[in-house]
file query-v8.pdb (PDB, C-alpha atoms)
MODEL        1
ATOM      1  CA  MET A 189     -12.919  22.332 -33.430
ATOM      2  CA  SER A 190     -10.449  25.042 -34.401
ATOM      3  CA  SER A 191      -6.860  24.998 -33.205
ATOM      4  CA  ARG A 192      -7.508  28.153 -31.156
ATOM      5  CA  ALA A 193     -10.527  26.545 -29.475
ATOM      6  CA  ALA A 194      -8.506  23.440 -28.610
ATOM      7  CA  GLU A 195      -5.732  25.600 -27.178
ATOM      8  CA  ASN A 196      -8.275  27.571 -25.119
ATOM      9  CA  ARG A 197      -9.677  24.333 -23.697
ATOM     10  CA  LEU A 198      -6.214  23.101 -22.770
ATOM     11  CA  ALA A 199      -5.352  26.448 -21.156
ATOM     12  CA  TYR A 200      -8.580  26.476 -19.113
ATOM     13  CA  PHE A 201      -8.098  22.807 -18.178
ATOM     14  CA  THR A 202      -4.586  23.682 -17.010
ATOM     15  CA  LEU A 203      -5.907  26.500 -14.814
ATOM     16  CA  VAL A 204      -8.515  24.184 -13.244
ATOM     17  CA  TYR A 205      -5.833  21.531 -12.742
ATOM     18  CA  LEU A 206      -3.606  24.109 -11.021
ATOM     19  CA  ALA A 207      -6.465  25.259  -8.779
ATOM     20  CA  CYS A 208      -6.652  21.684  -7.460
ATOM     21  CA  TYR A 209      -3.010  20.595  -7.640
ATOM     22  CA  ALA A 210      -1.225  23.664  -6.218
ATOM     23  CA  PRO A 211      -2.991  23.785  -2.829
ATOM     24  CA  ILE A 212      -2.926  19.994  -2.384
ATOM     25  CA  GLU A 213       0.791  19.732  -3.193
ATOM     26  CA  THR A 214       1.579  22.736  -0.994
ATOM     27  CA  TRP A 215      -0.394  21.257   1.913
ATOM     28  CA  ALA A 216       1.246  17.840   1.456
ATOM     29  CA  SER A 217       4.713  19.419   1.380
ATOM     30  CA  TRP A 218       4.154  21.655   4.399
ATOM     31  CA  PRO A 219       6.376  22.640   6.276
ATOM     32  CA  HIS A 220       9.125  21.624   3.821
ATOM     33  CA  LEU A 221       8.415  24.255   1.169
ATOM     34  CA  THR A 222      12.128  24.823   0.617
ATOM     35  CA  SER A 223      12.670  21.142  -0.192
ATOM     36  CA  PRO A 224      14.131  20.592  -3.679
ATOM     37  CA  PHE A 225      11.213  18.259  -4.453
ATOM     38  CA  TYR A 226       8.619  20.936  -3.672
ATOM     39  CA  LEU A 227      10.621  23.622  -5.483
ATOM     40  CA  ILE A 228      10.551  21.472  -8.635
ATOM     41  CA  ASP A 229       6.750  21.257  -8.238
ATOM     42  CA  ALA A 230       6.506  25.016  -7.683
ATOM     43  CA  ILE A 231       8.538  25.748 -10.821
ATOM     44  CA  GLY A 232       6.206  23.486 -12.812
ATOM     45  CA  MET A 233       3.149  25.200 -11.321
ATOM     46  CA  ALA A 234       4.560  28.607 -12.261
ATOM     47  CA  GLN A 235       5.314  27.452 -15.810
ATOM     48  CA  LEU A 236       1.804  26.043 -16.221
ATOM     49  CA  LEU A 237       0.245  29.256 -14.905
ATOM     50  CA  TRP A 238       2.433  31.428 -17.114
ATOM     51  CA  GLY A 239       1.756  29.241 -20.161
ATOM     52  CA  SER A 240      -2.019  29.269 -19.600
ATOM     53  CA  VAL A 241      -2.230  33.015 -19.050
ATOM     54  CA  HIS A 242       0.053  33.719 -22.023
ATOM     55  CA  SER A 243      -1.978  31.415 -24.255
ATOM     56  CA  LEU A 244      -5.300  32.980 -23.287
ATOM     57  CA  ALA A 245      -3.932  36.529 -23.563
ATOM     58  CA  ALA A 246      -2.577  35.906 -27.064
ATOM     59  CA  ARG A 247      -6.033  35.685 -28.629
ATOM     60  CA  PRO A 248      -6.845  35.584 -31.465
ATOM     61  CA  ARG A 249      -3.409  34.286 -32.421
ATOM     62  CA  ARG A 250      -2.135  31.024 -31.019
ATOM     63  CA  ALA A 251       0.697  30.724 -28.484
ATOM     64  CA  PRO A 252       0.958  27.167 -27.110
ATOM     65  CA  GLY A 253       4.753  27.081 -26.637
ATOM     66  CA  LEU A 254       4.943  28.121 -22.975
ATOM     67  CA  LEU A 255       2.041  25.800 -22.167
ATOM     68  CA  ALA A 256       3.961  22.932 -23.792
ATOM     69  CA  ALA A 257       7.056  23.825 -21.749
ATOM     70  CA  GLY A 258       5.024  23.777 -18.536
ATOM     71  CA  TRP A 259       3.516  20.396 -19.325
ATOM     72  CA  ALA A 260       6.956  19.039 -20.313
ATOM     73  CA  TRP A 261       8.402  20.099 -16.938
ATOM     74  CA  THR A 262       5.405  18.721 -15.063
ATOM     75  CA  ALA A 263       5.425  15.408 -16.968
ATOM     76  CA  ALA A 264       9.144  14.977 -16.280
ATOM     77  CA  ASN A 265       8.544  15.645 -12.579
ATOM     78  CA  TYR A 266       5.686  13.125 -12.450
ATOM     79  CA  TRP A 267       7.862  10.593 -14.331
ATOM     80  CA  ARG A 268      10.522  10.892 -11.632
ATOM     81  CA  ALA A 269       7.970  10.766  -8.817
ATOM     82  CA  PHE A 270       6.170   7.716 -10.220
ATOM     83  CA  PHE A 271       9.277   5.680 -10.930
ATOM     84  CA  ASP A 272      10.782   6.601  -7.563
ATOM     85  CA  ARG A 273       7.680   5.001  -6.046
ATOM     86  CA  VAL A 274       7.970   1.956  -8.333
ATOM     87  CA  ARG A 275      11.590   1.474  -7.253
ATOM     88  CA  TYR A 276      10.724   1.966  -3.584
ATOM     89  CA  VAL A 277       7.899  -0.612  -3.705
ATOM     90  CA  ASN A 278      10.064  -3.069  -5.688
ATOM     91  CA  GLU A 279      12.706  -2.803  -2.966
ATOM     92  CA  GLY A 280      10.104  -3.875  -0.392
ATOM     93  CA  GLY A 281       9.042  -0.451   0.876
ATOM     94  CA  ASN A 282       5.508   0.624   1.732
ATOM     95  CA  LEU A 283       4.149   3.908   0.456
ATOM     96  CA  GLN A 284       2.821   6.338   3.044
ATOM     97  CA  LEU A 285      -0.676   6.316   1.504
ATOM     98  CA  GLY A 286      -0.465   2.847  -0.009
ATOM     99  CA  ALA A 287      -1.869   1.910  -3.403
ATOM    100  CA  PRO A 288      -3.922   5.127  -3.820
ATOM    101  CA  GLU A 289      -0.667   7.129  -3.759
ATOM    102  CA  TYR A 290       0.836   4.877  -6.424
ATOM    103  CA  TRP A 291      -2.187   5.114  -8.732
ATOM    104  CA  THR A 292      -2.731   8.832  -8.164
ATOM    105  CA  VAL A 293       0.821   9.673  -9.178
ATOM    106  CA  GLY A 294       0.589   7.227 -12.095
ATOM    107  CA  GLY A 295      -2.675   8.800 -13.256
ATOM    108  CA  ALA A 296      -1.167  12.274 -12.976
ATOM    109  CA  LEU A 297       1.771  11.093 -15.089
ATOM    110  CA  VAL A 298      -0.528   9.785 -17.824
ATOM    111  CA  MET A 299      -2.585  13.007 -17.783
ATOM    112  CA  ALA A 300       0.550  15.185 -17.962
ATOM    113  CA  LEU A 301       1.943  13.120 -20.853
ATOM    114  CA  LEU A 302      -1.344  13.504 -22.753
ATOM    115  CA  CYS A 303      -1.375  17.276 -22.138
ATOM    116  CA  LEU A 304       2.272  17.431 -23.210
ATOM    117  CA  ALA A 305       1.518  15.528 -26.418
ATOM    118  CA  LEU A 306      -1.426  17.803 -27.196
ATOM    119  CA  SER A 307       0.434  21.035 -26.448
ATOM    120  CA  ALA A 308       3.573  19.903 -28.298
ATOM    121  CA  SER A 309       1.422  18.991 -31.305
ATOM    122  CA  MET A 310      -0.204  22.445 -31.158
ATOM    123  CA  THR A 311       3.221  24.054 -30.984
ATOM    124  CA  ALA A 312       4.504  22.067 -33.960
ATOM    125  CA  ARG A 313       1.453  23.051 -36.044
ATOM    126  CA  ARG A 314       1.390  26.662 -34.886
ATOM    127  CA  THR A 315       0.953  29.369 -37.502
ATOM    128  CA  ASP A 316      -0.015  32.969 -36.916
ATOM    129  CA  GLN A 317      -2.849  32.592 -39.422
ATOM    130  CA  SER A 318      -4.765  29.889 -37.468
TER     131      SER A 318
ENDMDL
END
call {"tool": "encode", "arguments": {"input": "query-v8.pdb", "output": "structure tokens"}}
result
Amino acid sequence: MSSRAAENRLAYFTLVYLACYAPIETWASWPHLTSPFYLIDAIGMAQLLWGSVHSLAARPRRAPGLLAAGWAWTAANYWRAFFDRVRYVNEGGNLQLGAPEYWTVGGALVMALLCLALSASMTARRTDQS
């Protein structure tokens, strides 16, 4: 698979991810959409959207940098969210949705780290000729 094809797949995957994640996170955060925690999510969503659209619009050249930045922001946010939950449970707290909440956020963290690794690798190998 060419580097451009891999970048296209990641950009389309990111758009599908956003189509699921954005409405769910917005619904879960309602009516606290001015909360700093939701605003951090919204910034990540905007970066992922911008990175995906920029990447797809750059054809035939490659442009994975903004996509990598979006996944870096999102992975950092998931890192904080997951380890906040780990700390809370270790201190004897109970999560609102229980174990599914813990594993969903953990799975999202792993997925975001994989997308970050892929997009960062694409950015490091980027040349205008590929």
call {"tool": "closest_residue", "arguments": {"input": "query-v8.pdb", "among": "A:Ala216, A:Leu254, A:Ala199, A:Ala207", "to": "A:Leu285", "atoms": "all atoms listed in the file"}}
result
A:Ala216
call {"tool": "axis_aligned_box", "arguments": {"input": "query-v8.pdb", "around": "stretch 195-211 of chain A", "padding_each_side": "4 Å", "output": "JSON"}}
result
{"center_x": -5.5, "center_y": 24.1, "center_z": -15.0, "size_x": 16.5, "size_y": 15.0, "size_z": 32.3}
call {"tool": "resolve_selection", "arguments": {"input": "query-v8.pdb", "expression": "the PyMOL selection byres ((chain A and resi 270-281) around 9)", "output": "list in words"}}
result
Asn265, Tyr266, Trp267, Arg268, Ala269, Asn282, Leu283, Glu289, Tyr290, Trp291, Val293, Gly294 and Leu297 of chain A
call {"tool": "atom_distance", "arguments": {"input": "query-v8.pdb", "atom1": "atom CA of A:Arg192", "atom2": "atom CA of A:Ala234"}}
result
22.4 Å
call {"tool": "residues_around", "arguments": {"input": "query-v8.pdb", "residues": "A:Arg313", "least_positions_apart": "5", "cutoff": "12 Å", "atoms": "all atoms listed in the file", "output": "PyMOL selection string"}}
result
chain A and resi 191-192+195+250-253+306-308+318
call {"tool": "write_last_selection", "arguments": {"input": "query-v8.pdb", "atoms": "C-alpha atoms", "output": "PDB file, keeping the file's coordinate frame"}}
result
ATOM      1  CA  SER A 191      -6.860  24.998 -33.205  1.00  0.00           C
ATOM      2  CA  ARG A 192      -7.508  28.153 -31.156  1.00  0.00           C
ATOM      3  CA  GLU A 195      -5.732  25.600 -27.178  1.00  0.00           C
ATOM      4  CA  ARG A 250      -2.135  31.024 -31.019  1.00  0.00           C
ATOM      5  CA  ALA A 251       0.697  30.724 -28.484  1.00  0.00           C
ATOM      6  CA  PRO A 252       0.958  27.167 -27.110  1.00  0.00           C
ATOM      7  CA  GLY A 253       4.753  27.081 -26.637  1.00  0.00           C
ATOM      8  CA  LEU A 306      -1.426  17.803 -27.196  1.00  0.00           C
ATOM      9  CA  SER A 307       0.434  21.035 -26.448  1.00  0.00           C
ATOM     10  CA  ALA A 308       3.573  19.903 -28.298  1.00  0.00           C
ATOM     11  CA  SER A 318      -4.765  29.889 -37.468  1.00  0.00           C
TER      12      SER A 318
END
call {"tool": "resolve_selection", "arguments": {"input": "query-v8.pdb", "expression": "the PyMOL selection byres ((chain A and resi 238-245) around 10)", "output": "mmCIF file with C-alpha atoms, in the frame of the given file"}}
result
data_model
loop_
_atom_site.group_PDB
_atom_site.id
_atom_site.type_symbol
_atom_site.label_atom_id
_atom_site.label_comp_id
_atom_site.auth_asym_id
_atom_site.auth_seq_id
_atom_site.Cartn_x
_atom_site.Cartn_y
_atom_site.Cartn_z
ATOM 1 C CA ARG A 192 -7.508 28.153 -31.156
ATOM 2 C CA GLU A 195 -5.732 25.600 -27.178
ATOM 3 C CA ASN A 196 -8.275 27.571 -25.119
ATOM 4 C CA ARG A 197 -9.677 24.333 -23.697
ATOM 5 C CA LEU A 198 -6.214 23.101 -22.770
ATOM 6 C CA ALA A 199 -5.352 26.448 -21.156
ATOM 7 C CA TYR A 200 -8.580 26.476 -19.113
ATOM 8 C CA PHE A 201 -8.098 22.807 -18.178
ATOM 9 C CA THR A 202 -4.586 23.682 -17.010
ATOM 10 C CA LEU A 203 -5.907 26.500 -14.814
ATOM 11 C CA GLY A 232 6.206 23.486 -12.812
ATOM 12 C CA MET A 233 3.149 25.200 -11.321
ATOM 13 C CA ALA A 234 4.560 28.607 -12.261
ATOM 14 C CA GLN A 235 5.314 27.452 -15.810
ATOM 15 C CA LEU A 236 1.804 26.043 -16.221
ATOM 16 C CA LEU A 237 0.245 29.256 -14.905
ATOM 17 C CA ALA A 246 -2.577 35.906 -27.064
ATOM 18 C CA ARG A 247 -6.033 35.685 -28.629
ATOM 19 C CA PRO A 248 -6.845 35.584 -31.465
ATOM 20 C CA ARG A 249 -3.409 34.286 -32.421
ATOM 21 C CA ARG A 250 -2.135 31.024 -31.019
ATOM 22 C CA ALA A 251 0.697 30.724 -28.484
ATOM 23 C CA PRO A 252 0.958 27.167 -27.110
ATOM 24 C CA GLY A 253 4.753 27.081 -26.637
ATOM 25 C CA LEU A 254 4.943 28.121 -22.975
ATOM 26 C CA LEU A 255 2.041 25.800 -22.167
ATOM 27 C CA ALA A 256 3.961 22.932 -23.792
ATOM 28 C CA ALA A 257 7.056 23.825 -21.749
ATOM 29 C CA GLY A 258 5.024 23.777 -18.536
ATOM 30 C CA TRP A 259 3.516 20.396 -19.325
#
call {"tool": "atom_distance", "arguments": {"input": "query-v8.pdb", "atom1": "atom CA of A:Pro224", "atom2": "atom CA of A:Ala287"}}
result
24.6 Å
call {"tool": "closest_residue", "arguments": {"input": "query-v8.pdb", "among": "A:Gly286, A:Tyr226, A:Ile231, A:Leu304", "to": "A:Ala263", "atoms": "all atoms listed in the file"}}
result
A:Leu304
call {"tool": "atom_distance", "arguments": {"input": "query-v8.pdb", "atom1": "atom CA of A:Thr262", "atom2": "atom CA of A:Asp229"}}
result
7.4 Å
call {"tool": "build_atoms", "arguments": {"input": "query-v8.pdb", "residues": "stretch 195-211 of chain A", "atoms": "N, CA and C atoms", "output": "PDB file, in the coordinates of the input"}}
result
ATOM      1  N   GLU A 195      -6.734  25.003 -28.067  1.00  0.00           N
ATOM      2  CA  GLU A 195      -5.732  25.600 -27.178  1.00  0.00           C
ATOM      3  C   GLU A 195      -6.399  26.275 -25.980  1.00  0.00           C
ATOM      4  N   ASN A 196      -7.523  26.960 -26.225  1.00  0.00           N
ATOM      5  CA  ASN A 196      -8.275  27.571 -25.119  1.00  0.00           C
ATOM      6  C   ASN A 196      -8.706  26.517 -24.110  1.00  0.00           C
ATOM      7  N   ARG A 197      -9.229  25.407 -24.600  1.00  0.00           N
ATOM      8  CA  ARG A 197      -9.677  24.333 -23.697  1.00  0.00           C
ATOM      9  C   ARG A 197      -8.521  23.796 -22.868  1.00  0.00           C
ATOM     10  N   LEU A 198      -7.372  23.596 -23.508  1.00  0.00           N
ATOM     11  CA  LEU A 198      -6.214  23.101 -22.770  1.00  0.00           C
ATOM     12  C   LEU A 198      -5.755  24.134 -21.735  1.00  0.00           C
ATOM     13  N   ALA A 199      -5.768  25.395 -22.101  1.00  0.00           N
ATOM     14  CA  ALA A 199      -5.352  26.448 -21.156  1.00  0.00           C
ATOM     15  C   ALA A 199      -6.312  26.511 -19.964  1.00  0.00           C
ATOM     16  N   TYR A 200      -7.615  26.460 -20.224  1.00  0.00           N
ATOM     17  CA  TYR A 200      -8.580  26.476 -19.113  1.00  0.00           C
ATOM     18  C   TYR A 200      -8.472  25.207 -18.274  1.00  0.00           C
ATOM     19  N   PHE A 201      -8.294  24.055 -18.919  1.00  0.00           N
ATOM     20  CA  PHE A 201      -8.098  22.807 -18.178  1.00  0.00           C
ATOM     21  C   PHE A 201      -6.874  22.930 -17.271  1.00  0.00           C
ATOM     22  N   THR A 202      -5.808  23.515 -17.786  1.00  0.00           N
ATOM     23  CA  THR A 202      -4.586  23.682 -17.010  1.00  0.00           C
ATOM     24  C   THR A 202      -4.828  24.561 -15.791  1.00  0.00           C
ATOM     25  N   LEU A 203      -5.597  25.623 -15.951  1.00  0.00           N
ATOM     26  CA  LEU A 203      -5.907  26.500 -14.814  1.00  0.00           C
ATOM     27  C   LEU A 203      -6.743  25.770 -13.760  1.00  0.00           C
ATOM     28  N   VAL A 204      -7.706  24.969 -14.192  1.00  0.00           N
ATOM     29  CA  VAL A 204      -8.515  24.184 -13.244  1.00  0.00           C
ATOM     30  C   VAL A 204      -7.629  23.149 -12.543  1.00  0.00           C
ATOM     31  N   TYR A 205      -6.775  22.495 -13.308  1.00  0.00           N
ATOM     32  CA  TYR A 205      -5.833  21.531 -12.742  1.00  0.00           C
ATOM     33  C   TYR A 205      -4.968  22.205 -11.670  1.00  0.00           C
ATOM     34  N   LEU A 206      -4.443  23.383 -11.986  1.00  0.00           N
ATOM     35  CA  LEU A 206      -3.606  24.109 -11.021  1.00  0.00           C
ATOM     36  C   LEU A 206      -4.377  24.503  -9.771  1.00  0.00           C
ATOM     37  N   ALA A 207      -5.642  24.871  -9.937  1.00  0.00           N
ATOM     38  CA  ALA A 207      -6.465  25.259  -8.779  1.00  0.00           C
ATOM     39  C   ALA A 207      -6.636  24.096  -7.812  1.00  0.00           C
ATOM     40  N   CYS A 208      -6.565  22.877  -8.321  1.00  0.00           N
ATOM     41  CA  CYS A 208      -6.652  21.684  -7.460  1.00  0.00           C
ATOM     42  C   CYS A 208      -5.260  21.252  -6.989  1.00  0.00           C
ATOM     43  N   TYR A 209      -4.330  21.157  -7.915  1.00  0.00           N
ATOM     44  CA  TYR A 209      -3.010  20.595  -7.640  1.00  0.00           C
ATOM     45  C   TYR A 209      -2.168  21.481  -6.723  1.00  0.00           C
ATOM     46  N   ALA A 210      -2.119  22.777  -6.979  1.00  0.00           N
ATOM     47  CA  ALA A 210      -1.225  23.664  -6.218  1.00  0.00           C
ATOM     48  C   ALA A 210      -1.511  23.639  -4.716  1.00  0.00           C
ATOM     49  N   PRO A 211      -2.774  23.810  -4.287  1.00  0.00           N
ATOM     50  CA  PRO A 211      -2.991  23.785  -2.829  1.00  0.00           C
ATOM     51  C   PRO A 211      -2.768  22.404  -2.211  1.00  0.00           C
TER      52      PRO A 211
END
